[in-house]
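Peer 1: Structure: entry21.txt, compact mmCIF, C-alpha atoms.
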# COMPACT_ATOMS: atom_id res chain seq x y z
CA MET A 239 12.79 -59.98 18.56
CA LYS A 240 9.28 -59.11 19.56
CA LEU A 241 8.78 -55.46 20.48
CA THR A 242 6.64 -54.49 23.43
CA GLY A 243 4.00 -51.85 23.12
CA GLU A 244 6.23 -49.34 24.89
CA SER A 245 9.15 -50.15 22.59
CA LYS A 246 6.98 -49.68 19.52
CA PHE A 247 5.84 -46.32 20.86
CA LEU A 248 9.42 -45.14 21.48
CA LEU A 249 10.52 -46.41 18.08
CA GLY A 250 7.69 -44.47 16.47
CA ILE A 251 8.82 -41.27 18.20
CA VAL A 252 12.41 -41.80 17.01
CA VAL A 253 11.30 -42.39 13.41
CA ALA A 254 9.03 -39.31 13.44
CA THR A 255 11.81 -37.16 14.93
CA VAL A 256 14.31 -38.29 12.30
CA ALA A 257 11.77 -37.55 9.55
CA LEU A 258 11.12 -34.06 10.91
CA ILE A 259 14.83 -33.29 11.18
CA GLY A 260 15.42 -34.59 7.67
CA GLY A 261 12.57 -32.48 6.31
CA ALA A 262 13.87 -29.37 8.06
CA ILE A 263 17.38 -29.91 6.68
CA PHE A 264 15.92 -30.29 3.18
CA LEU A 265 13.85 -27.12 3.45
CA PHE A 266 16.63 -24.97 4.88
CA SER A 267 19.17 -26.26 2.38
CA ARG A 268 17.01 -25.20 -0.57
CA PRO A 269 17.98 -21.91 -2.23
CA ALA A 270 15.85 -18.97 -1.11
CA THR A 271 13.01 -18.08 -3.45
CA PRO A 272 13.71 -14.63 -4.91
CA PRO A 273 11.13 -11.93 -4.15
CA GLN A 274 8.30 -11.75 -6.65
CA THR A 275 8.77 -9.00 -9.23
CA LEU A 276 5.59 -7.54 -10.68
CA SER A 277 5.43 -5.75 -13.99
CA ARG A 278 5.02 -2.01 -14.17
CA GLU A 279 1.86 -2.46 -16.23
CA GLU A 280 0.31 -4.50 -13.40
CA LEU A 281 1.26 -2.12 -10.63
CA VAL A 282 0.47 1.10 -12.48
CA PRO A 283 -2.93 0.74 -14.20
CA LEU A 284 -4.43 3.50 -16.28
CA GLY A 285 -6.26 6.03 -14.13
CA SER A 286 -3.85 5.86 -11.18
CA TYR A 287 -2.79 9.14 -9.62
CA THR A 288 0.93 9.76 -9.87
CA LYS A 289 3.70 12.22 -9.06
CA GLY A 290 7.23 12.70 -10.29
CA ASN A 291 8.76 11.78 -13.61
CA ALA A 292 6.56 9.35 -15.55
CA SER A 293 9.55 8.54 -17.78
CA ALA A 294 11.80 7.59 -14.86
CA SER A 295 12.95 3.97 -14.73
CA ALA A 296 12.51 3.91 -10.93
CA TYR A 297 8.97 3.79 -9.61
CA LEU A 298 7.46 3.56 -6.13
CA VAL A 299 3.90 2.29 -5.62
CA GLU A 300 2.07 2.74 -2.33
CA PHE A 301 -1.08 0.89 -1.26
CA SER A 302 -2.64 3.22 1.30
CA ASP A 303 -5.69 3.99 3.43
CA PHE A 304 -6.60 7.61 4.21
CA GLN A 305 -7.83 6.64 7.69
CA CYS A 306 -4.67 4.68 8.54
CA PRO A 307 -2.47 6.48 11.11
CA ALA A 308 0.69 4.84 9.76
CA CYS A 309 -0.14 6.05 6.24
CA LYS A 310 -0.53 9.56 7.59
CA ALA A 311 2.83 9.25 9.36
CA TYR A 312 4.56 8.11 6.16
CA GLN A 313 2.92 10.74 3.94
CA PRO A 314 5.48 13.53 4.57
CA VAL A 315 8.35 11.06 4.14
CA VAL A 316 6.97 9.90 0.79
CA ASP A 317 6.31 13.49 -0.31
CA GLU A 318 9.87 14.45 0.68
CA LEU A 319 11.37 11.56 -1.33
CA VAL A 320 9.27 12.32 -4.38
CA GLU A 321 10.16 16.01 -4.29
CA LYS A 322 13.86 15.34 -3.68
CA HIS A 323 14.08 12.80 -6.52
CA LYS A 324 11.32 14.12 -8.78
CA ASP A 325 13.47 13.78 -11.89
CA ARG A 326 14.44 10.16 -11.12
CA LEU A 327 11.39 8.74 -9.35
CA PHE A 328 7.80 8.04 -10.37
CA PHE A 329 5.33 7.71 -7.48
CA VAL A 330 1.97 5.96 -7.76
CA TYR A 331 -0.85 6.03 -5.17
CA ARG A 332 -3.22 3.06 -4.96
CA HIS A 333 -6.13 2.52 -2.61
CA PHE A 334 -6.27 -0.17 0.05
CA PRO A 335 -9.10 0.83 2.44
CA LEU A 336 -9.10 -1.44 5.49
CA ASP A 337 -12.42 -2.87 6.68
CA LYS A 338 -11.69 -1.82 10.25
CA HIS A 339 -11.67 1.85 9.24
CA ARG A 340 -15.24 3.11 8.99
CA TYR A 341 -14.49 6.10 6.76
CA ALA A 342 -11.69 4.66 4.62
CA ILE A 343 -13.78 4.03 1.51
CA ALA A 344 -15.65 7.34 1.80
CA ALA A 345 -12.34 9.17 2.12
CA ALA A 346 -10.95 7.40 -0.93
CA ILE A 347 -14.07 8.28 -2.94
CA THR A 348 -13.66 11.90 -1.82
CA ALA A 349 -10.07 11.92 -3.12
CA GLU A 350 -11.18 10.40 -6.43
CA ALA A 351 -14.03 12.89 -6.72
CA ALA A 352 -11.56 15.74 -6.21
CA GLY A 353 -9.34 14.11 -8.80
CA GLN A 354 -12.11 14.43 -11.36
CA GLN A 355 -11.74 18.18 -10.89
CA GLY A 356 -7.94 18.06 -11.08
CA LYS A 357 -7.31 18.24 -7.33
CA PHE A 358 -6.55 14.69 -6.22
CA TRP A 359 -3.24 15.56 -4.57
CA GLU A 360 -4.67 18.61 -2.83
CA MET A 361 -7.42 16.41 -1.37
CA TYR A 362 -4.85 13.70 -0.57
CA ALA A 363 -3.00 16.18 1.65
CA LEU A 364 -6.21 17.58 3.14
CA LEU A 365 -7.56 14.14 4.04
CA PHE A 366 -4.44 13.14 5.92
CA GLU A 367 -4.36 16.55 7.62
CA ASN A 368 -7.96 16.06 8.84
CA GLN A 369 -7.81 12.31 9.51
CA GLU A 370 -8.85 12.63 13.17
CA LYS A 371 -11.93 14.65 12.14
CA PHE A 372 -13.46 12.15 9.71
CA SER A 373 -17.25 11.98 9.86
CA ASP A 374 -20.19 11.48 7.53
CA SER A 375 -20.43 15.23 6.96
CA ILE A 376 -16.80 16.29 6.52
CA TRP A 377 -16.37 15.44 2.84
CA LYS A 378 -18.33 18.40 1.51
CA ASP A 379 -16.51 20.71 3.92
CA LEU A 380 -13.17 19.53 2.52
CA ALA A 381 -14.46 20.00 -1.02
CA GLY A 382 -15.41 23.55 -0.07
CA GLU A 383 -11.88 24.21 1.20
CA LEU A 384 -10.58 23.31 -2.25
CA SER A 385 -13.30 25.35 -3.99
CA LEU A 386 -14.56 22.32 -5.89
CA ASP A 387 -17.72 22.59 -7.96
CA GLU A 388 -20.34 21.42 -5.48
CA LYS A 389 -22.77 19.91 -7.98
CA GLN A 390 -20.07 17.95 -9.79
CA PHE A 391 -18.58 16.81 -6.50
CA ASP A 392 -21.96 15.52 -5.28
CA GLN A 393 -22.46 13.64 -8.54
CA SER A 394 -19.02 12.08 -8.21
CA LEU A 395 -19.68 10.99 -4.64
CA GLY A 396 -22.82 9.20 -5.81
CA SER A 397 -21.08 7.41 -8.67
CA ASN A 398 -20.50 3.67 -8.32
CA ASN A 399 -17.57 3.91 -10.73
CA LEU A 400 -15.30 5.52 -8.16
CA LYS A 401 -16.08 2.93 -5.49
CA GLU A 402 -15.51 0.15 -8.01
CA LYS A 403 -12.11 1.59 -8.89
CA ILE A 404 -11.13 1.73 -5.22
CA LEU A 405 -12.27 -1.82 -4.53
CA LYS A 406 -10.50 -3.03 -7.66
CA ASP A 407 -7.27 -1.55 -6.26
CA ARG A 408 -7.86 -3.36 -2.98
CA ASP A 409 -8.70 -6.67 -4.64
CA TYR A 410 -5.51 -6.48 -6.68
CA GLY A 411 -3.54 -5.61 -3.56
CA ILE A 412 -4.90 -8.67 -1.77
CA ALA A 413 -3.99 -10.84 -4.76
CA ILE A 414 -0.34 -9.75 -4.61
CA GLY A 415 0.00 -10.14 -0.85
CA VAL A 416 -0.86 -6.71 0.55
CA ASN A 417 -2.34 -7.18 4.03
CA SER A 418 -1.53 -3.93 5.81
CA THR A 419 -1.02 -0.25 5.09
CA PRO A 420 1.08 1.39 3.96
CA THR A 421 2.63 -1.26 1.70
CA PHE A 422 5.26 -0.16 -0.81
CA PHE A 423 6.62 -1.69 -4.01
CA PHE A 424 9.82 -0.39 -5.61
CA ASN A 425 10.41 -1.36 -9.23
CA GLY A 426 7.94 -4.20 -8.87
CA ARG A 427 9.28 -5.65 -5.61
CA LYS A 428 7.64 -5.37 -2.21
CA LEU A 429 9.72 -3.40 0.30
CA THR A 430 10.10 -5.18 3.63
CA ASN A 431 12.35 -5.20 6.69
CA PHE A 432 12.02 -1.53 7.64
CA SER A 433 10.51 -0.30 10.86
CA THR A 434 11.43 3.40 10.97
CA PHE A 435 11.10 6.35 8.62
CA ASP A 436 14.88 6.56 8.26
CA GLU A 437 15.13 2.89 7.32
CA PHE A 438 12.41 3.34 4.71
CA ARG A 439 14.06 6.50 3.35
CA LYS A 440 17.46 4.80 3.12
CA MET A 441 15.95 1.73 1.48
CA VAL A 442 14.35 3.80 -1.28
CA GLU A 443 17.47 5.93 -1.81
CA ASN A 444 19.69 2.86 -1.90
CA GLU A 445 17.45 1.40 -4.59
CA LEU A 446 17.63 4.67 -6.52
CA SER A 447 21.42 4.59 -6.39
CA LYS A 448 21.65 1.16 -8.09
Show the structure stored in the file as structure tokens.
Peer 2:
Amino acid sequence: MKLTGESKFLLGIVVATVALIGGAIFLFSRPATPPQTLSREELVPLGSYTKGNASASAYLVEFSDFQCPACKAYQPVVDELVEKHKDRLFFVYRHFPLDKHRYAIAAAITAEAAGQQGKFWEMYALLFENQEKFSDSIWKDLAGELSLDEKQFDQSLGSNNLKEKILKDRDYGIAIGVNSTPTFFFNGRKLTNFSTFDEFRKMVENELSK
């Protein structure tokens, strides 16, 4: 039987539809790929700033941006969890400055510079507290609030090593699928499917209870 042009066209649609349906059935019938688990050594490089019990088996890693409003909102929740479970949880802060935030890298360098004088976490808190006031001139004012050595702080700000460390954090984050802030990993697995502080808190505490 000779097919007309219209018949050939309709037959082509039917064949394509059957192929698409078959492909969809195959994909959805496959077992789900388990979430990627990263090693502790990868996620917690030497030189990272940490809180809590370094010997704890449970560890939480945050990729964060000091100019990110969501990171600021999650900061007290993270601090609360770390304090509440300080004997059972190890917290690690890693940098992920977003390009859209003009002062993100400068703020991260400021935190690292304070860290060289033993006051990373004090500057961490101060940066989030003053997030809406970020400017080209605020960093030295914040250093003054923490009574940092001015000369050493200035030298640290001018060091390329600190910026390289921050960008290395970000490059690694991109490589493992970080594309927004804050992004959290618990025991090597990325935390997803939470949209409120309570959901995040419960997720972490449920993981701690396992």
Peer 1: Show me, as a PyMOL selection string, the residues that have an atom within 12 Å of Phe435 of chain A when counting only C-alpha atoms, minus same-chain residues fewer than 2 positions from it.
Peer 2: chain A and resi 308-309+311-316+318-319+431-433+437-442
Peer 1: Skipping near chain neighbours, those fewer than 4 positions away, what residues fall within 8 Å of segment 331-334 of chain A using all atoms listed in the file, listed as a PyMOL selection string?
Peer 2: chain A and resi 286-288+299-303+346+404-405+407-408+411+419
Peer 1: Those same residues, written as a PDB file, in the coordinates of the input with C-alpha atoms?
Peer 2:
ATOM      1  CA  SER A 286      -3.850   5.860 -11.180  1.00  0.00           C
ATOM      2  CA  TYR A 287      -2.790   9.140  -9.620  1.00  0.00           C
ATOM      3  CA  THR A 288       0.930   9.760  -9.870  1.00  0.00           C
ATOM      4  CA  VAL A 299       3.900   2.290  -5.620  1.00  0.00           C
ATOM      5  CA  GLU A 300       2.070   2.740  -2.330  1.00  0.00           C
ATOM      6  CA  PHE A 301      -1.080   0.890  -1.260  1.00  0.00           C
ATOM      7  CA  SER A 302      -2.640   3.220   1.300  1.00  0.00           C
ATOM      8  CA  ASP A 303      -5.690   3.990   3.430  1.00  0.00           C
ATOM      9  CA  ALA A 346     -10.950   7.400  -0.930  1.00  0.00           C
ATOM     10  CA  ILE A 404     -11.130   1.730  -5.220  1.00  0.00           C
ATOM     11  CA  LEU A 405     -12.270  -1.820  -4.530  1.00  0.00           C
ATOM     12  CA  ASP A 407      -7.270  -1.550  -6.260  1.00  0.00           C
ATOM     13  CA  ARG A 408      -7.860  -3.360  -2.980  1.00  0.00           C
ATOM     14  CA  GLY A 411      -3.540  -5.610  -3.560  1.00  0.00           C
ATOM     15  CA  THR A 419      -1.020  -0.250   5.090  1.00  0.00           C
TER      16      THR A 419
END
Peer 1: Return the single residue from A:Asp337, A:Asp392, A:Asp387, A:Asp374 that is closest to Gln355 of chain A, with distances computed using all atoms listed in the file.
Peer 2: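 Closest candidate: A:Asp387.
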